[in-house]
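Pasted below: model_39.csv, CSV, C-alpha atoms.
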```csv
chain,number,residue,atom,x,y,z
A,1,MET,CA,-77.1,95.1,41.9
A,2,ASP,CA,-75.3,93.3,44.5
A,3,LYS,CA,-71.7,93.5,45.3
A,4,LYS,CA,-70.9,90.4,43.4
A,5,LYS,CA,-72.2,91.7,40.2
A,6,PHE,CA,-70.3,94.9,40.6
A,7,LYS,CA,-67.2,92.8,41.1
A,8,ILE,CA,-67.8,91.0,37.9
A,9,LEU,CA,-68.4,94.3,36.1
A,10,MET,CA,-65.2,95.6,37.5
A,11,ILE,CA,-63.3,92.6,36.2
A,12,VAL,CA,-64.9,92.8,32.8
A,13,ASP,CA,-64.1,96.5,32.7
A,14,ILE,CA,-60.4,95.9,33.5
A,15,VAL,CA,-60.2,93.3,30.8
A,16,LEU,CA,-61.9,95.6,28.3
A,17,ILE,CA,-59.6,98.5,29.3
A,18,ILE,CA,-56.5,96.3,28.8
A,19,GLY,CA,-57.9,95.0,25.5
A,20,ILE,CA,-58.9,98.4,24.1
A,21,PHE,CA,-55.7,100.0,25.2
A,22,SER,CA,-53.7,97.3,23.5
A,23,LEU,CA,-55.8,97.6,20.4
A,24,MET,CA,-55.2,101.3,20.4
A,25,MET,CA,-51.5,100.9,20.6
A,26,VAL,CA,-51.5,98.4,17.7
A,27,LEU,CA,-53.8,100.5,15.6
A,28,LYS,CA,-51.7,103.6,16.3
A,29,GLY,CA,-48.7,102.0,14.8
A,30,GLN,CA,-50.7,100.7,11.8
A,31,TYR,CA,-52.4,104.0,11.1
A,32,ASN,CA,-49.2,105.9,11.4
A,33,ASP,CA,-47.4,103.6,8.9
A,34,GLN,CA,-50.4,103.6,6.6
A,35,ALA,CA,-50.7,107.4,6.7
A,36,GLN,CA,-47.0,107.9,6.0
A,37,LYS,CA,-47.0,105.4,3.2
A,38,THR,CA,-50.1,106.6,1.5
A,39,VAL,CA,-49.2,110.2,1.8
A,40,LYS,CA,-45.8,109.6,0.4
A,41,GLU,CA,-47.2,107.5,-2.5
A,42,GLN,CA,-49.8,110.0,-3.4
A,43,VAL,CA,-47.6,113.1,-3.0
A,44,ASP,CA,-44.8,111.4,-5.0
A,45,ALA,CA,-47.3,110.5,-7.7
A,46,TYR,CA,-48.5,114.1,-7.9
A,47,LEU,CA,-45.1,115.6,-7.8
A,48,GLU,CA,-44.1,113.3,-10.6
A,49,LEU,CA,-47.1,114.5,-12.6
A,50,SER,CA,-46.5,118.2,-12.0
A,51,ASN,CA,-42.8,118.1,-12.4
A,52,GLY,CA,-43.1,115.9,-15.4
A,53,ALA,CA,-45.5,118.4,-17.1
A,54,VAL,CA,-43.0,121.3,-16.4
A,55,GLN,CA,-40.1,119.2,-17.8
A,56,ASP,CA,-42.1,118.1,-20.8
A,57,GLN,CA,-42.9,121.7,-21.6
A,58,TRP,CA,-39.3,122.7,-21.2
A,59,LYS,CA,-38.3,120.1,-23.8
A,60,ALA,CA,-41.1,121.1,-26.1
A,61,VAL,CA,-40.1,124.7,-25.9
A,62,ASP,CA,-36.6,123.6,-26.8
A,63,GLN,CA,-37.9,121.9,-29.9
A,64,TYR,CA,-40.1,124.9,-30.7
A,65,GLY,CA,-37.1,127.2,-30.5
A,66,MET,CA,-35.0,125.0,-32.7
A,67,ALA,CA,-37.8,124.7,-35.2
A,68,TRP,CA,-38.2,128.4,-35.6
A,69,ARG,CA,-34.4,128.8,-36.1
A,70,LEU,CA,-34.6,126.1,-38.7
A,71,VAL,CA,-37.5,127.7,-40.5
A,72,TYR,CA,-35.8,131.0,-40.4
A,73,ALA,CA,-32.6,129.5,-41.7
A,74,SER,CA,-34.4,127.8,-44.5
A,75,LEU,CA,-35.9,131.1,-45.6
A,76,THR,CA,-32.7,133.1,-45.4
A,77,SER,CA,-30.0,130.7,-46.6
A,78,ALA,CA,-29.4,128.6,-49.7
A,79,LYS,CA,-32.5,126.5,-50.5
A,80,THR,CA,-30.7,123.3,-50.9
A,81,GLU,CA,-30.9,120.0,-49.0
A,82,ALA,CA,-27.3,120.2,-48.0
A,83,ALA,CA,-27.8,123.6,-46.5
A,84,PHE,CA,-30.9,122.4,-44.7
A,85,ASP,CA,-29.1,119.3,-43.3
A,86,ALA,CA,-26.2,121.4,-42.2
A,87,ALA,CA,-28.7,123.8,-40.5
A,88,VAL,CA,-30.4,120.9,-38.7
A,89,LYS,CA,-27.1,119.6,-37.5
A,90,ALA,CA,-25.8,123.0,-36.4
A,91,ILE,CA,-29.0,124.0,-34.6
A,92,GLU,CA,-29.4,120.6,-32.8
A,93,GLY,CA,-25.7,120.3,-32.0
A,94,ASP,CA,-25.3,123.8,-30.4
A,95,ARG,CA,-26.6,122.9,-27.0
A,96,ASP,CA,-25.3,126.2,-25.5
A,97,ALA,CA,-27.3,128.2,-28.0
A,98,ARG,CA,-30.4,126.0,-27.4
A,99,PHE,CA,-30.1,126.6,-23.7
A,100,LYS,CA,-29.6,130.3,-24.2
A,101,GLN,CA,-32.7,130.6,-26.3
A,102,LEU,CA,-34.8,128.5,-24.0
A,103,SER,CA,-33.6,130.4,-21.0
A,104,TYR,CA,-34.3,133.7,-22.7
A,105,MET,CA,-37.9,132.6,-23.4
A,106,TYR,CA,-38.3,131.4,-19.8
A,107,GLU,CA,-36.9,134.6,-18.5
A,108,ALA,CA,-39.2,136.6,-20.7
A,109,ALA,CA,-42.0,134.5,-19.1
A,110,GLY,CA,-40.8,135.6,-15.7
A,111,ILE,CA,-39.4,132.2,-14.6
A,112,PRO,CA,-36.3,132.8,-12.4
A,113,PRO,CA,-32.9,131.3,-13.3
A,114,GLN,CA,-33.0,129.0,-10.2
A,115,ALA,CA,-36.3,127.5,-11.4
A,116,GLN,CA,-34.9,127.1,-14.9
A,117,ASN,CA,-31.8,125.4,-13.7
A,118,SER,CA,-33.8,123.0,-11.6
A,119,ILE,CA,-35.9,122.1,-14.6
A,120,TYR,CA,-32.9,121.7,-16.8
A,121,GLU,CA,-31.1,119.5,-14.3
A,122,LYS,CA,-34.0,117.0,-14.4
A,123,ALA,CA,-35.1,117.4,-18.0
A,124,GLY,CA,-32.0,118.2,-19.9
A,125,LEU,CA,-32.8,119.2,-23.5
A,126,ALA,CA,-35.0,117.6,-26.1
A,127,ASP,CA,-33.5,114.5,-27.5
A,128,LYS,CA,-35.5,114.5,-30.8
A,129,PHE,CA,-35.5,117.1,-33.5
A,130,LEU,CA,-35.3,115.5,-37.0
A,131,LEU,CA,-38.1,112.9,-36.8
A,132,LYS,CA,-38.2,111.6,-40.4
A,133,ASN,CA,-36.0,111.7,-43.4
A,134,GLU,CA,-37.5,109.7,-46.2
A,135,GLY,CA,-37.9,110.2,-49.9
A,136,GLY,CA,-37.0,113.8,-49.8
A,137,VAL,CA,-39.4,114.6,-47.0
A,138,LYS,CA,-37.9,115.7,-43.8
A,139,GLU,CA,-40.1,116.1,-40.7
A,140,VAL,CA,-38.9,118.1,-37.7
A,141,ALA,CA,-40.4,118.2,-34.2
A,142,CYS,CA,-41.6,121.7,-33.2
A,143,GLY,CA,-43.0,120.8,-29.8
A,144,LYS,CA,-45.3,118.3,-28.3
A,145,ASN,CA,-47.5,116.9,-31.1
A,146,CYS,CA,-46.1,119.5,-33.4
A,147,VAL,CA,-44.4,118.5,-36.7
A,148,ILE,CA,-43.3,120.7,-39.6
A,149,SER,CA,-42.1,119.3,-42.9
A,150,PHE,CA,-39.8,120.2,-45.7
A,151,THR,CA,-39.8,118.6,-49.1
A,152,PHE,CA,-36.8,118.3,-51.3
A,153,ALA,CA,-36.4,117.3,-54.9
A,154,LYS,CA,-33.1,116.8,-56.6
A,155,GLY,CA,-31.3,118.4,-53.7
A,156,LYS,CA,-33.4,121.6,-53.7
A,157,LEU,CA,-36.0,122.7,-51.3
A,158,LYS,CA,-39.3,122.3,-53.1
A,159,SER,CA,-41.7,123.3,-50.4
A,160,SER,CA,-41.9,123.8,-46.7
A,161,ASP,CA,-44.9,123.6,-44.4
A,162,TYR,CA,-44.5,125.2,-41.0
A,163,SER,CA,-48.1,126.0,-40.4
A,164,ALA,CA,-48.2,123.6,-37.5
A,165,LEU,CA,-45.5,125.7,-35.8
A,166,ALA,CA,-47.1,129.1,-36.7
A,167,ASN,CA,-50.4,127.8,-35.3
A,168,TYR,CA,-49.0,125.9,-32.4
A,169,ASN,CA,-50.9,126.5,-29.2
A,170,MET,CA,-48.8,125.3,-26.3
A,171,ALA,CA,-51.7,125.8,-23.9
A,172,ASP,CA,-53.5,123.0,-25.6
A,173,HIS,CA,-50.7,120.6,-24.8
A,174,PHE,CA,-49.6,121.7,-21.4
A,175,LYS,CA,-52.2,122.0,-18.7
A,176,LEU,CA,-51.8,120.7,-15.2
A,177,GLU,CA,-54.7,119.0,-13.4
A,178,ALA,CA,-55.3,119.9,-9.8
A,179,PRO,CA,-54.4,117.2,-7.3
A,180,ALA,CA,-57.0,114.6,-6.5
A,181,ALA,CA,-58.4,114.2,-3.0
A,182,TYR,CA,-56.2,112.2,-0.6
A,183,HIS,CA,-57.3,108.6,0.0
A,184,PHE,CA,-56.5,106.9,3.2
A,185,GLU,CA,-56.9,103.2,2.4
B,1,MET,CA,-69.9,100.4,48.0
B,2,ASN,CA,-66.3,100.8,47.1
B,3,VAL,CA,-66.4,98.1,44.5
B,4,LYS,CA,-69.5,99.7,43.0
B,5,ASN,CA,-67.9,103.1,42.6
B,6,ILE,CA,-64.8,101.6,41.1
B,7,SER,CA,-66.7,99.5,38.6
B,8,ILE,CA,-68.8,102.5,37.6
B,9,ALA,CA,-65.7,104.6,37.1
B,10,LEU,CA,-64.1,101.8,35.1
B,11,THR,CA,-67.2,101.5,32.9
B,12,VAL,CA,-67.0,105.2,32.2
B,13,LEU,CA,-63.3,104.7,31.3
B,14,VAL,CA,-64.1,101.9,29.0
B,15,ILE,CA,-66.6,104.1,27.2
B,16,ALA,CA,-64.1,106.9,26.9
B,17,LEU,CA,-61.5,104.5,25.6
B,18,LEU,CA,-63.9,103.2,23.0
B,19,ALA,CA,-64.7,106.7,21.8
B,20,THR,CA,-61.0,107.5,21.6
B,21,LEU,CA,-60.4,104.3,19.6
B,22,LEU,CA,-63.1,105.2,17.1
B,23,MET,CA,-61.7,108.7,16.7
B,24,GLN,CA,-58.1,107.5,16.4
B,25,LYS,CA,-58.3,106.8,12.7
B,26,GLY,CA,-60.0,110.1,11.9
B,27,SER,CA,-57.1,111.9,13.6
B,28,TYR,CA,-54.5,110.2,11.4
B,29,VAL,CA,-56.6,110.8,8.3
B,30,SER,CA,-56.9,114.4,9.0
B,31,GLN,CA,-53.2,114.9,9.7
B,32,ALA,CA,-52.3,113.0,6.5
B,33,THR,CA,-54.8,114.9,4.5
B,34,GLU,CA,-53.5,118.2,5.7
B,35,HIS,CA,-49.9,117.3,4.8
B,36,TYR,CA,-50.9,115.9,1.4
B,37,THR,CA,-53.0,118.9,0.6
B,38,LYS,CA,-50.4,121.4,1.6
B,39,THR,CA,-47.6,119.7,-0.4
B,40,THR,CA,-49.6,119.0,-3.5
B,41,THR,CA,-51.2,122.4,-3.6
B,42,ASN,CA,-47.9,124.1,-3.4
B,43,SER,CA,-46.6,121.9,-6.2
B,44,TYR,CA,-49.7,122.5,-8.3
B,45,LYS,CA,-49.5,126.3,-7.8
B,46,GLY,CA,-45.8,126.5,-8.7
B,47,ALA,CA,-46.0,124.2,-11.7
B,48,SER,CA,-49.2,125.7,-13.0
B,49,LYS,CA,-47.7,129.2,-12.9
B,50,ILE,CA,-44.6,128.1,-14.8
B,51,ILE,CA,-46.7,126.3,-17.4
B,52,GLU,CA,-49.1,129.2,-17.8
B,53,TYR,CA,-46.5,131.9,-18.0
B,54,VAL,CA,-44.4,130.0,-20.5
B,55,ASN,CA,-47.5,129.2,-22.6
B,56,ASN,CA,-48.3,132.9,-22.7
B,57,SER,CA,-44.7,133.9,-23.4
B,58,ILE,CA,-44.6,131.4,-26.3
B,59,ASP,CA,-47.8,132.8,-27.7
B,60,VAL,CA,-46.2,136.2,-28.1
B,61,ASN,CA,-42.9,134.7,-29.3
B,62,LYS,CA,-44.7,132.7,-31.9
B,63,GLY,CA,-46.4,135.8,-33.3
B,64,VAL,CA,-43.0,137.6,-33.6
B,65,TRP,CA,-41.4,134.7,-35.3
B,66,SER,CA,-44.3,134.3,-37.7
B,67,LEU,CA,-44.0,138.0,-38.4
B,68,ALA,CA,-40.2,137.8,-39.0
B,69,CYS,CA,-40.6,134.8,-41.4
B,70,GLU,CA,-43.3,136.6,-43.3
B,71,VAL,CA,-41.4,139.8,-43.5
B,72,ILE,CA,-38.3,138.1,-44.9
B,73,GLN,CA,-40.5,136.4,-47.6
B,74,ASN,CA,-42.9,139.1,-48.6
B,75,VAL,CA,-41.8,142.6,-47.4
B,76,LYS,CA,-40.2,145.1,-49.7
B,77,THR,CA,-41.1,148.4,-47.9
B,78,SER,CA,-41.7,149.6,-44.4
B,79,GLN,CA,-45.4,150.0,-45.3
B,80,ASP,CA,-45.5,146.4,-46.2
B,81,GLN,CA,-44.1,145.5,-42.8
B,82,ALA,CA,-46.5,147.9,-41.0
B,83,ARG,CA,-49.4,146.0,-42.6
B,84,LEU,CA,-48.0,142.7,-41.5
B,85,GLU,CA,-47.4,144.0,-38.0
B,86,SER,CA,-51.0,145.0,-37.6
B,87,LYS,CA,-52.1,141.6,-38.9
B,88,TYR,CA,-50.1,139.8,-36.2
B,89,PHE,CA,-50.3,142.4,-33.4
B,90,PRO,CA,-53.2,144.7,-34.1
B,91,SER,CA,-52.6,146.9,-31.0
B,92,THR,CA,-48.8,147.3,-31.4
B,93,LYS,CA,-47.0,149.4,-33.9
B,94,GLY,CA,-43.4,149.3,-34.9
B,95,SER,CA,-41.1,152.3,-34.9
B,96,MET,CA,-38.9,153.4,-37.8
B,97,SER,CA,-35.7,155.2,-38.0
B,98,ILE,CA,-35.2,156.9,-41.4
B,99,ALA,CA,-31.6,157.8,-40.4
B,100,ASN,CA,-30.7,154.2,-39.7
B,101,MET,CA,-33.0,152.8,-42.3
B,102,THR,CA,-34.4,150.4,-39.9
B,103,ARG,CA,-37.8,149.4,-38.6
B,104,ARG,CA,-38.2,147.9,-35.3
B,105,PHE,CA,-41.1,145.9,-34.1
B,106,GLU,CA,-41.3,145.2,-30.4
B,107,ALA,CA,-44.1,142.9,-29.2
B,108,THR,CA,-42.6,143.0,-25.7
B,109,GLY,CA,-39.4,144.2,-24.2
B,110,ALA,CA,-37.9,140.7,-24.8
B,111,TYR,CA,-39.3,139.8,-28.2
B,112,TYR,CA,-38.6,142.2,-31.1
B,113,ILE,CA,-37.2,142.2,-34.6
B,114,VAL,CA,-35.3,144.9,-36.4
B,115,SER,CA,-35.6,145.1,-40.2
B,116,LYS,CA,-32.9,146.8,-42.2
B,117,PHE,CA,-33.8,148.5,-45.5
B,118,SER,CA,-31.5,149.8,-48.1
B,119,LYS,CA,-33.0,153.1,-49.2
B,120,VAL,CA,-35.3,155.9,-48.1
B,121,GLU,CA,-38.1,156.8,-50.4
B,122,VAL,CA,-40.0,160.1,-50.4
B,123,ASP,CA,-43.5,160.4,-51.7
B,124,LYS,CA,-43.3,163.3,-54.2
B,125,LYS,CA,-46.8,164.6,-53.3
B,126,THR,CA,-46.9,164.2,-49.6
B,127,GLU,CA,-43.2,164.2,-48.9
B,128,VAL,CA,-43.8,161.3,-46.6
B,129,LYS,CA,-40.7,159.2,-46.2
B,130,SER,CA,-40.6,155.5,-46.0
B,131,LEU,CA,-38.1,152.7,-46.3
B,132,ALA,CA,-37.6,150.3,-49.2
B,133,GLY,CA,-35.5,147.5,-50.2
B,134,LEU,CA,-35.5,145.1,-47.3
B,135,VAL,CA,-32.0,143.8,-46.6
B,136,SER,CA,-32.4,141.7,-43.6
B,137,VAL,CA,-34.4,141.0,-40.5
B,138,ASN,CA,-32.5,140.8,-37.2
B,139,VAL,CA,-34.0,138.1,-35.0
B,140,ASN,CA,-31.3,138.0,-32.3
B,141,ALA,CA,-33.8,138.9,-29.6
B,142,LEU,CA,-35.8,135.8,-30.6
B,143,VAL,CA,-32.9,133.4,-30.3
B,144,GLY,CA,-31.8,134.7,-27.0
B,145,ASN,CA,-29.0,137.2,-28.1
B,146,PRO,CA,-30.6,140.6,-27.7
B,147,GLY,CA,-27.2,142.2,-27.0
B,148,GLU,CA,-26.1,141.4,-30.5
B,149,GLU,CA,-28.7,143.6,-32.2
B,150,ILE,CA,-27.8,146.0,-34.9
B,151,ALA,CA,-27.2,149.7,-34.3
B,152,GLU,CA,-30.3,151.0,-32.6
B,153,GLU,CA,-32.0,154.1,-33.6
B,154,GLU,CA,-32.5,156.8,-31.0
B,155,GLU,CA,-34.1,159.6,-32.9
B,156,GLY,CA,-37.2,160.5,-31.1
B,157,GLU,CA,-39.1,161.8,-34.0
B,158,GLU,CA,-40.0,158.3,-35.3
B,159,GLY,CA,-41.8,157.1,-32.3
B,160,ALA,CA,-44.7,155.9,-34.3
B,161,GLU,CA,-44.4,154.8,-37.8
B,162,GLU,CA,-47.3,156.9,-39.1
B,163,ALA,CA,-45.5,160.0,-37.9
B,164,VAL,CA,-43.2,159.4,-40.8
B,165,GLU,CA,-45.4,157.5,-43.2
B,166,GLU,CA,-48.4,159.7,-43.0
B,167,ALA,CA,-47.6,163.1,-41.7
B,168,PRO,CA,-45.7,165.4,-44.0
B,169,ALA,CA,-42.0,165.1,-43.3
B,170,PRO,CA,-39.9,168.1,-42.6
B,171,LYS,CA,-38.5,169.8,-45.7
B,172,LYS,CA,-34.9,169.3,-44.8
B,173,ALA,CA,-33.3,165.9,-45.0
B,174,ALA,CA,-33.5,163.7,-42.1
B,175,LYS,CA,-31.1,164.6,-39.4
B,176,PRO,CA,-28.1,162.4,-39.2
B,177,ALA,CA,-28.7,160.0,-36.5
B,178,LYS,CA,-26.4,159.9,-33.6
B,179,ALA,CA,-24.1,157.0,-33.9
B,180,ALA,CA,-26.0,154.6,-31.9
B,181,LYS,CA,-24.0,153.3,-29.2
B,182,GLY,CA,-23.7,149.6,-29.2
B,183,LYS,CA,-25.3,149.2,-25.9
B,184,LYS,CA,-24.9,145.8,-24.5
B,185,GLY,CA,-28.0,143.9,-23.8
B,186,LYS,CA,-28.6,141.3,-21.2
B,187,LYS,CA,-25.9,138.7,-21.0
B,188,GLY,CA,-26.8,135.2,-21.6
B,189,LYS,CA,-27.3,133.3,-18.5
B,190,LYS,CA,-24.9,130.8,-17.3
B,191,ARG,CA,-26.0,127.4,-16.4
```
Written form, structure tokens:
Amino acid sequence: MDKKKFKILMIVDIVLIIGIFSLMMVLKGQYNDQAQKTVKEQVDAYLELSNGAVQDQWKAVDQYGMAWRLVYASLTSAKTEAAFDAAVKAIEGDRDARFKQLSYMYEAAGIPPQAQNSIYEKAGLADKFLLKNEGGVKEVACGKNCVISFTFAKGKLKSSDYSALANYNMADHFKLEAPAAYHFE
Amino acid sequence: MNVKNISIALTVLVIALLATLLMQKGSYVSQATEHYTKTTTNSYKGASKIIEYVNNSIDVNKGVWSLACEVIQNVKTSQDQARLESKYFPSTKGSMSIANMTRRFEATGAYYIVSKFSKVEVDKKTEVKSLAGLVSVNVNALVGNPGEEIAEEEEGEEGAEEAVEEAPAPKKAAKPAKAAKGKKGKKGKKR
């Protein structure tokens, strides 16, 4: 090649270098923003899922604990509707006792108090216990997808069915999926 | 000649820059993936452990509650309770204190119940002692108040229920139990 062609090549090269360099700078900013944004979105979504599962379980265990207390109370105290209603109210209303029972179960499971407190701060306690009260049938929550029932006639406890609680398998309701692969879109 | 060298060098530089440009995205993806994987894996491990440990703990707790509820409904004697214990927890046996007239079933250190009976019965043929007349079932350890349990038996001789129920009991009356000290259990945690 002659000198002239090399000169042209040099000019083209310089233009290309400037162009590519500028493009790199622009893309650098874009990739950086995109990476930060997508990582944040996907991490937040997963944390919400995993923390949500832990918090849901906490509330379900609260319902579970209350339900056993209620069943036990129904077996050991007067078998009347009034006594039952009072027991429901007393059990649900005593938030300190609920926390104590919950915390005891978590401690027995080896979950340290700091972890319990951080779950409690986000989740609080279960907000539902007595689910239904119609025609002498009272249904009580005993965990996620767990309901036990008590039937009353003329103010007396006629029958109770707590088989759902006795057979409640928490592992069927609380499982955490592993995080999906990261997508950089 | 000089122009030739410079243009060749610049061409090499262009190629190098193009290669860098193509790899630039990969580098960001790899950094982002690393950060994402590290954060989510930590969260997954921590949350899964909590969920799994609580599930397992609840499984035992459920067995003890079921036992307590069935005991309060159907049990009259310590033998009745022993049968129920083996139904719910085939590999764990309760222990009995003739002196205190209690039978304690402990599934784990945290989850246990103590049944109180009203009398001691002695089999005339075998002289085996057992308890009868269930009075109450203490479930304090299930509701998180293990410190409030009833007087605890400390007599070593009733380590296993069958030691009393099946083996011939000593001729003399059961030794008076030491007044069990109301030892304090764990304090409830503060929020």
**OP:** Have a look at A:Ala164, A:Ala67, A:Val54, A:Met25 and name the one nearest to chain B; count only C-alpha atoms.
**Re:**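 Closest residue, counting only C-alpha atoms: A:Val54.
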Original post:
What gap, in Å, lies between atom CA of A:Tyr106 and atom CA of A:Gln42?
Top reply: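 Spanning atom CA of A:Tyr106 to atom CA of A:Gln42 is a straight-line distance of 29.3 Å.
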Subject >> Residues near A:Glu185, cut-off 9 Å, all atoms listed in the file, skip fewer than 3 positions along chain, as a list in words >> reply: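 What passes the distance filter is Gln34, Ala35 and Thr38 of chain A.
As for atom CA of B:Thr41 and atom CA of A:Met105, they are spaced 25.9 Å apart.
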Which residues are close to A:Lys138, i.e. within 12 Å by all atoms listed in the file, leaving aside same-chain residues fewer than 4 positions away? Reply as a compact mmCIF listing (two decimals) with C-alpha atoms, in the coordinates of the input.
```txt
# COMPACT_ATOMS: atom_id res chain seq x y z
CA GLU A 81 -30.90 120.00 -49.00
CA PHE A 84 -30.90 122.40 -44.70
CA ASP A 85 -29.10 119.30 -43.30
CA VAL A 88 -30.40 120.90 -38.70
CA PHE A 129 -35.50 117.10 -33.50
CA LEU A 130 -35.30 115.50 -37.00
CA LEU A 131 -38.10 112.90 -36.80
CA LYS A 132 -38.20 111.60 -40.40
CA ASN A 133 -36.00 111.70 -43.40
CA GLU A 134 -37.50 109.70 -46.20
CA VAL A 147 -44.40 118.50 -36.70
CA ILE A 148 -43.30 120.70 -39.60
CA SER A 149 -42.10 119.30 -42.90
CA PHE A 150 -39.80 120.20 -45.70
CA THR A 151 -39.80 118.60 -49.10
CA PHE A 152 -36.80 118.30 -51.30
CA ALA A 153 -36.40 117.30 -54.90
CA LEU A 157 -36.00 122.70 -51.30
CA LYS A 158 -39.30 122.30 -53.10
CA SER A 159 -41.70 123.30 -50.40
CA SER A 160 -41.90 123.80 -46.70
CA ASP A 161 -44.90 123.60 -44.40
CA TYR A 162 -44.50 125.20 -41.00
```
Subject >> Interface list for chain A, partner chain B, 7 Å threshold, only C-alpha atoms, as number ranges by chain >> reply: A: 3, 6-7, 9-10, 13, 16-17, 20, 24, 31-32, 35, 39, 43, 46-47, 50-51, 54, 72, 100-101, 104-106, 108-109, 111, 117, 166, 170-171, 174, 176, 178-179, 182, 184
Original post:
In Å to one decimal, how far is atom CA of A:Val71 from atom CA of B:Ser78?
Top reply: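 Answer for the atom CA of B:Ser78 to atom CA of A:Val71 separation: 22.6 Å.
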